[in-house]
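Take a look at the structure set out below.
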Amino acid sequence: MTADGPSDPSNRLLTPNFITEVVERDLQHGKYAEIVTRFPPEPNGYLHLGHVFASFLDFQTALDFGGRYHLRLDDTNPEGESIEYAQAIQDDLHWLGWNWGEHLYYASDYFEQYYQYAERLIGAGAAYIDSVPGDEMRRLRGTATEPGTPSEYRGRSVVENLELFRRMRAGEFAEGQHVLRAKIDLSNPNMKLRDPVLYRILHAEHYRTGDAWCIYPMYDFQHPLQDALEGVTHSMCSLEFTDNRAIYDWLMETLGFSPRPHQYEFGRRSLEYTIVSKRKLRRLVQEGHVAGWDDPRMPTLRAQRRLGVTPEAVRAFAAGMGVNKTNRTVDIAVYENTVRGDLNWRAPRVMAVLDPVRVVIGNAPQGTQELQIPYWPHDVIDASPDGLVALPTGERVAPELATRQVPLGRELYIEREDFAVTPPKGFKRLTPGGRVRLRGAGIIEATGFDLGEDGQVQTVYAELVPEPALGSKSVKASGVIHWVDAGASVPAEFRLYDRLFSVANPEGQDAEPETVDEASDTALDRVEEAQKLTGTDFLRFLNPGSLRVTRGFVERSVAHDPADTRYQFERQGYFWRDPALSRPEALVFGRIITLRDAWAGRGSEKPAPKAEKTKSEKSTSTPEPVAELALTAQQTAAVSHLTGLGVARSEAVLIVNDSRLSEFLSNLAGPHAAVVAGWAVNDLGGAIREGRRPVSLAALTELAELLSGGSISTRIAREALAEASETGASETGQETPAQIIERRGLKVVSDSAELERLIGAVMDANPGKVAEYRAGKKGLSGFFTGQVMKQSGGQADPQKVAQILERLLG
């Protein structure tokens with residue numbers, strides 16, 4: 001994809017960052033005639049939300065600077081790669097809005113060229129064939145404090161190395177018998193430069209080249225070469241490849257590429273309550289914990305598409321995350337609120353009853369009334385001189401298309417939870433002798449009810465309450481409820497999705513990078529097997545309430561709408577027809593997102609409570625929670641002590657079964673104990689189990705006190721904690737999270753004058769959107785909030801922002 005020259009800086013979608021500064025400097029100095037970037041996924045799984053940030057950074061950088069972007073499939077590992085994944089990646093990225101035109105590349109297209117470059121390195125004495133076993137090779141590389149030892153084969157002649165390499169290509173050797181290594185520096189403090197492996201033998205069929213090759217290049221060799229061959233200028237990758245940059249630079253210099261690309265590393269973005277490891281995602285699918293890669297609870301783009309999230313919402317989320325050199329786990333509420341903001345203006349309001357109970361209105365008129373109810377009852381819809389009305393979506397339609405006909409007869413369905421025989425205190429819905437208003441219709445009063453054999457309310461009897469004459473005292477109703485006509489509504493299945501995991505960080509510190517070296521797969525397999533045996537792997541945090549299925553009714557208007565229409569089912573959330581399951585004769589609606597954050601009061605460190613099942617629910621394949629480990633009497637007492645401090649039981653059990661976690665938290669106390677324990681288990685657990693303490697208990701408590709005081713947000717706390725964890729932190733004399741917050745000036749911006757200044761600047765920069773908002777497009781409030789958060793570096797108090805926005809926008 002090529003843009004038409006450098007764009008106006010004011011129109012760039014990327015927030016200025018250290019990479020855009022490099023690009024601007026390179027263009028100003030004439031280092032490159034054109035900026036070229038690439039997004040290089042490996043076709044061994046489906047793209048997920050973790051890829052969105054990287055793809056946005058790669059592609060949007062090129063667009064913002066009038067450059068060109070490429071899509072590259074890094075298919076150098078035939079095991080696990082397939083045409084299915086390669087095509088799915090392209091399809092999902094096209095859905096997301098990226099169009100690379102003719103610039104689609106495969107690493108496998110360059111296998112012959114990689115091979116020739118390898119022979120050049122051998123000929124120059126810069127690479128050799130090593131024949132020691134893998135374990136011995138790792139031992140000979142030395143440690144962080146001891147230099148490496150040369151292999152007995154490091155001194156092979158160029159002639160012998162070339163002969164062996166050609167025989168490797170010819171298939172004469174078994175896997176693991178030989179590898180090609182770069183000859184760099186066995187004493188270098190950067191372990192990556194201690195003669196890294198460039199080629200390995202792998203007798204596996206490639207999905208594109210078949211069995212033409214039995215040797216395959218390693219990532220550290222292939223990736224920089226393809227960047228150079230494609231003309232990439234700025235090669236962006238995540239922080240775990242910082243040390244690998246030395247190999248990248250060595251290759252470019254040794255092989256004499258000019259001009260040459262340069263590598264830049266950025267902090268990865270992960271999401272709370274989800275996982276982004278392809279290995280773990282495959283386990284979820286293969287072991288039947290989800291229905292497939294497109295199960296709407298999965299974080300894959302394929303699943304988000306089926307869920308009903310729009311590409312505009314996903315791009316808006318990526319644009320708002322910011323670019324820096326710190327890995328960060330993003331609060332999933334940020335993503336969910338972006339989705340809500342996108343759907344709020346595009347989704348017409350209709351009514352659906354998910355768990356129905358019948359209501360018979362004894363004094364209703366004979367026949368059926370046809371009510372005209374607007375699709376957007378709370379938004380201003382202005383009529384223009386041509387008689388058309390402007391909807392919040394921006395469409396201009398005839399007035400009759402801004403409303404729908406809703407039938408009202410003698411029998412209705414309402415939600416079972418909207419009627420209570422013995423109401424709890426503060427109940428605002430229908431009770432025996434009580435009154436409620438039907439949305440868009442009149443007031444009814446319950447006069448009686450029938451119970452079924454199971455003790456459940458079967459039928460409610462009611463009377464319409466006459467509306468008073470104009471000027472008379474109004475009739476009071478305890479609340480407003482939604483409903484559908486029993487005779488004219490359409491039966492439907494409703495699939496209510498929730499977060500797949502019950503804790504914020506189900507992977508702990510065990511998340512692995514997208515690309516691993518030749519030893520990592522085996523190591524990860526060992527870790528995975530150990531976790532399975534001990535019951536400590538990520539599957540124990542699956543949320544058993546992540547999917548509920550109910551059957552009810554939806555108003556008939558939806559049957560004639562396009563299948564891709566997103567709706568707000570009043571009081572229920574945003575829904576659309578499940579494209580995989582719904583049929584015209586059997587509608588299935590999946591809930592995209594709830595109207596409000598149902599997890600807000602639970603605390604990120606606490607698991608979600610198991611949802612109660614209603615009579616109309618059916619069982620699902622969602623697994624039950626992993627059985628709790630058996631506890632000794634002493635451990636049971638320790639769990640009781642921790643839960644008494646507010647720690648979630650699941651985390652308390654995990655702590656008492658881990659000696660190092662128990663020791664670390666042995667002095668846990670005070671009002672912030674639950675938050676501190678959550679961070680220790682979910683954010684620092686991996687390091688603590690390895691015997692490291694990157695952040696002390698005192699430093700965690702200090703951070704929790706700051707969070708409780710309101711001077712910082714959860715996002716700021718986690719960002720500081722992540723930075724402290726990476727740099728080593730308090731117990732080694734380095735910065736604590738609180739010191740990082742102070743040094744970087746991280747605090748919630750709540751000063752009204754400062755927020756008004758930021759909001760005023762955003763309004764001045766977007767006069768068109770201000771006019772649209774004031775004309776009735778209230779869904780733009782999410783846009784303004786996002787821009788203010790971006791201007792403040794994510795530090796503005798969102799509640800105060802909302803209040804001031806409402807006042808200033810009018």
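By convention here, the chains of the structure tokens are called A, B, ... in the order presented, each chain's residues are numbered starting at 1, and ligands are numbered starting at 1 in the order presented.
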
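Counting only C-alpha atoms, Met191 (chain A) has the following residues at most 10 Å away, ignoring those fewer than 4 positions along the same chain: A:Arg141, A:Gly142, A:Thr143, A:Ala144, A:Pro147, A:Gly148, A:Asp185, A:Leu186, A:Ser187, A:Asp195, A:Pro196, A:Asp243, A:Asn244.
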
Output C-alpha atoms for every residue in the selection just made, as a tab-separated table (two decimals), in the first residue's frame.
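Result written to out.tsv:
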```
chain	number	residue	atom	x	y	z
A	141	ARG	CA	27.55	-20.80	25.11
A	142	GLY	CA	28.39	-20.01	28.73
A	143	THR	CA	26.35	-17.92	31.13
A	144	ALA	CA	25.70	-14.25	31.83
A	147	PRO	CA	32.13	-16.53	28.36
A	148	GLY	CA	31.30	-19.24	25.89
A	185	ASP	CA	31.84	-13.56	19.45
A	186	LEU	CA	31.61	-16.26	22.12
A	187	SER	CA	32.66	-13.84	24.87
A	195	ASP	CA	27.39	-17.80	17.48
A	196	PRO	CA	23.63	-17.95	16.92
A	243	ASP	CA	19.10	-8.22	22.11
A	244	ASN	CA	18.43	-9.80	18.70
```

Pairwise distance, CA of Arg269 (chain A) with CA of Thr326 (chain A), equals 8.9 Å

Close residues, Ile35 (chain A) itself excluded, 8 Å, only C-alpha atoms, min 5 positions apart in chain, as a ChimeraX atom specification: /A:23,62,65-68,232-234

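Considering the residues A:Gly434, A:Pro737, A:Pro224, A:Pro43 and counting only C-alpha atoms, Leu251 (chain A) has its shortest atom-to-atom contact with A:Pro224.
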
>> I'd like the contact shell of Leu239 (chain A) - 6 Å cut-off, only C-alpha atoms, skipping same-chain residues fewer than 5 positions apart - returned as a list of chain:residue names.
In response: A:Glu265, A:Phe266, A:Gly267

**Study point:** Per-residue DSSP, region 260-453 of chain A, filtered to strand (DSSP E), as a PyMOL selection string
**Key:** chain A and resi 262-266+269-271+328-330+349-350+352-353+356-361+369-374+389-390+396-397+403-408+411-415+435-438+443-451

Using only C-alpha atoms, please write the residues we just selected to a file, as a PDB file, in the first residue's frame.
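The file below, selection.pdb, is the result:
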```
ATOM      1  CA  HIS A 262      17.052  -0.641  10.984  1.00  0.00           C
ATOM      2  CA  GLN A 263      15.192  -2.401  13.787  1.00  0.00           C
ATOM      3  CA  TYR A 264      13.239  -0.533  16.461  1.00  0.00           C
ATOM      4  CA  GLU A 265      11.608  -2.178  19.495  1.00  0.00           C
ATOM      5  CA  PHE A 266       8.376  -1.139  21.170  1.00  0.00           C
ATOM      6  CA  ARG A 269       0.282  -4.610  24.575  1.00  0.00           C
ATOM      7  CA  SER A 270      -1.675  -7.390  26.226  1.00  0.00           C
ATOM      8  CA  LEU A 271      -5.227  -7.354  27.545  1.00  0.00           C
ATOM      9  CA  ARG A 328       1.880  -3.037  29.240  1.00  0.00           C
ATOM     10  CA  THR A 329      -1.232  -4.982  30.063  1.00  0.00           C
ATOM     11  CA  VAL A 330      -4.228  -2.878  29.121  1.00  0.00           C
ATOM     12  CA  ARG A 349     -32.915   0.523  20.030  1.00  0.00           C
ATOM     13  CA  VAL A 350     -35.420  -2.336  19.985  1.00  0.00           C
ATOM     14  CA  ALA A 352     -36.222  -8.278  23.352  1.00  0.00           C
ATOM     15  CA  VAL A 353     -37.219 -10.442  26.318  1.00  0.00           C
ATOM     16  CA  PRO A 356     -39.948 -14.429  29.397  1.00  0.00           C
ATOM     17  CA  VAL A 357     -42.951 -14.575  31.663  1.00  0.00           C
ATOM     18  CA  ARG A 358     -46.426 -14.051  30.192  1.00  0.00           C
ATOM     19  CA  VAL A 359     -48.532 -11.018  31.132  1.00  0.00           C
ATOM     20  CA  VAL A 360     -52.281 -10.953  30.389  1.00  0.00           C
ATOM     21  CA  ILE A 361     -53.837  -7.467  30.323  1.00  0.00           C
ATOM     22  CA  GLN A 369     -52.663  -1.610  18.550  1.00  0.00           C
ATOM     23  CA  GLU A 370     -49.751  -0.514  16.344  1.00  0.00           C
ATOM     24  CA  LEU A 371     -47.444   1.822  18.248  1.00  0.00           C
ATOM     25  CA  GLN A 372     -44.870   4.037  16.510  1.00  0.00           C
ATOM     26  CA  ILE A 373     -41.695   3.932  18.597  1.00  0.00           C
ATOM     27  CA  PRO A 374     -38.452   5.681  17.535  1.00  0.00           C
ATOM     28  CA  VAL A 389     -34.305  13.242   9.208  1.00  0.00           C
ATOM     29  CA  ALA A 390     -30.688  12.801  10.289  1.00  0.00           C
ATOM     30  CA  ARG A 396     -30.629  10.812   6.193  1.00  0.00           C
ATOM     31  CA  VAL A 397     -33.883   8.922   5.893  1.00  0.00           C
ATOM     32  CA  THR A 403     -39.356   4.636  13.819  1.00  0.00           C
ATOM     33  CA  ARG A 404     -40.840   1.165  13.711  1.00  0.00           C
ATOM     34  CA  GLN A 405     -44.278  -0.264  14.349  1.00  0.00           C
ATOM     35  CA  VAL A 406     -44.542  -2.245  17.558  1.00  0.00           C
ATOM     36  CA  PRO A 407     -47.767  -4.238  18.105  1.00  0.00           C
ATOM     37  CA  LEU A 408     -49.443  -4.199  21.522  1.00  0.00           C
ATOM     38  CA  GLU A 411     -50.832 -10.733  26.020  1.00  0.00           C
ATOM     39  CA  LEU A 412     -47.217  -9.680  26.457  1.00  0.00           C
ATOM     40  CA  TYR A 413     -43.897 -11.086  27.548  1.00  0.00           C
ATOM     41  CA  ILE A 414     -41.783  -9.286  30.131  1.00  0.00           C
ATOM     42  CA  GLU A 415     -38.515 -10.324  31.772  1.00  0.00           C
ATOM     43  CA  ARG A 435     -47.463  -0.284  38.676  1.00  0.00           C
ATOM     44  CA  VAL A 436     -44.830   0.063  35.940  1.00  0.00           C
ATOM     45  CA  ARG A 437     -44.734   1.810  32.601  1.00  0.00           C
ATOM     46  CA  LEU A 438     -44.272  -0.312  29.487  1.00  0.00           C
ATOM     47  CA  ILE A 443     -48.887   1.966  32.586  1.00  0.00           C
ATOM     48  CA  ILE A 444     -50.020  -1.410  33.879  1.00  0.00           C
ATOM     49  CA  GLU A 445     -50.909  -2.568  37.377  1.00  0.00           C
ATOM     50  CA  ALA A 446     -50.435  -6.191  38.445  1.00  0.00           C
ATOM     51  CA  THR A 447     -53.647  -7.671  39.811  1.00  0.00           C
ATOM     52  CA  GLY A 448     -52.589 -11.300  40.281  1.00  0.00           C
ATOM     53  CA  PHE A 449     -50.351 -14.150  39.186  1.00  0.00           C
ATOM     54  CA  ASP A 450     -50.236 -17.923  38.719  1.00  0.00           C
ATOM     55  CA  LEU A 451     -47.469 -20.233  39.871  1.00  0.00           C
TER      56      LEU A 451
END
```

With a distance cut-off of 9 Å and only C-alpha atoms, select the neighbouring residues of Tyr153 (chain A), excluding the residue or stretch itself and same-chain residues fewer than 6 positions from it, and output the selection as a list of chain:residue names.
A:Tyr128, A:Ile129, A:Asp130, A:Ser131, A:Val132

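Residues with any atom within 7 Å of Gly308 (chain A), counting only C-alpha atoms and excluding same-chain neighbours fewer than 2 positions away, are Gln304, Arg305, Arg306, Thr310, Trp576 and Ile592 of chain A.
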
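Of the listed residues (A:Glu417, A:Asp537, A:Glu84, A:Asp355), A:Asp355 comes nearest to Val554 (chain A); the distances count only C-alpha atoms.
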
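Between CA of Ala717 (chain A) and CA of Ile741 (chain A) lies a distance of 8.2 Å.
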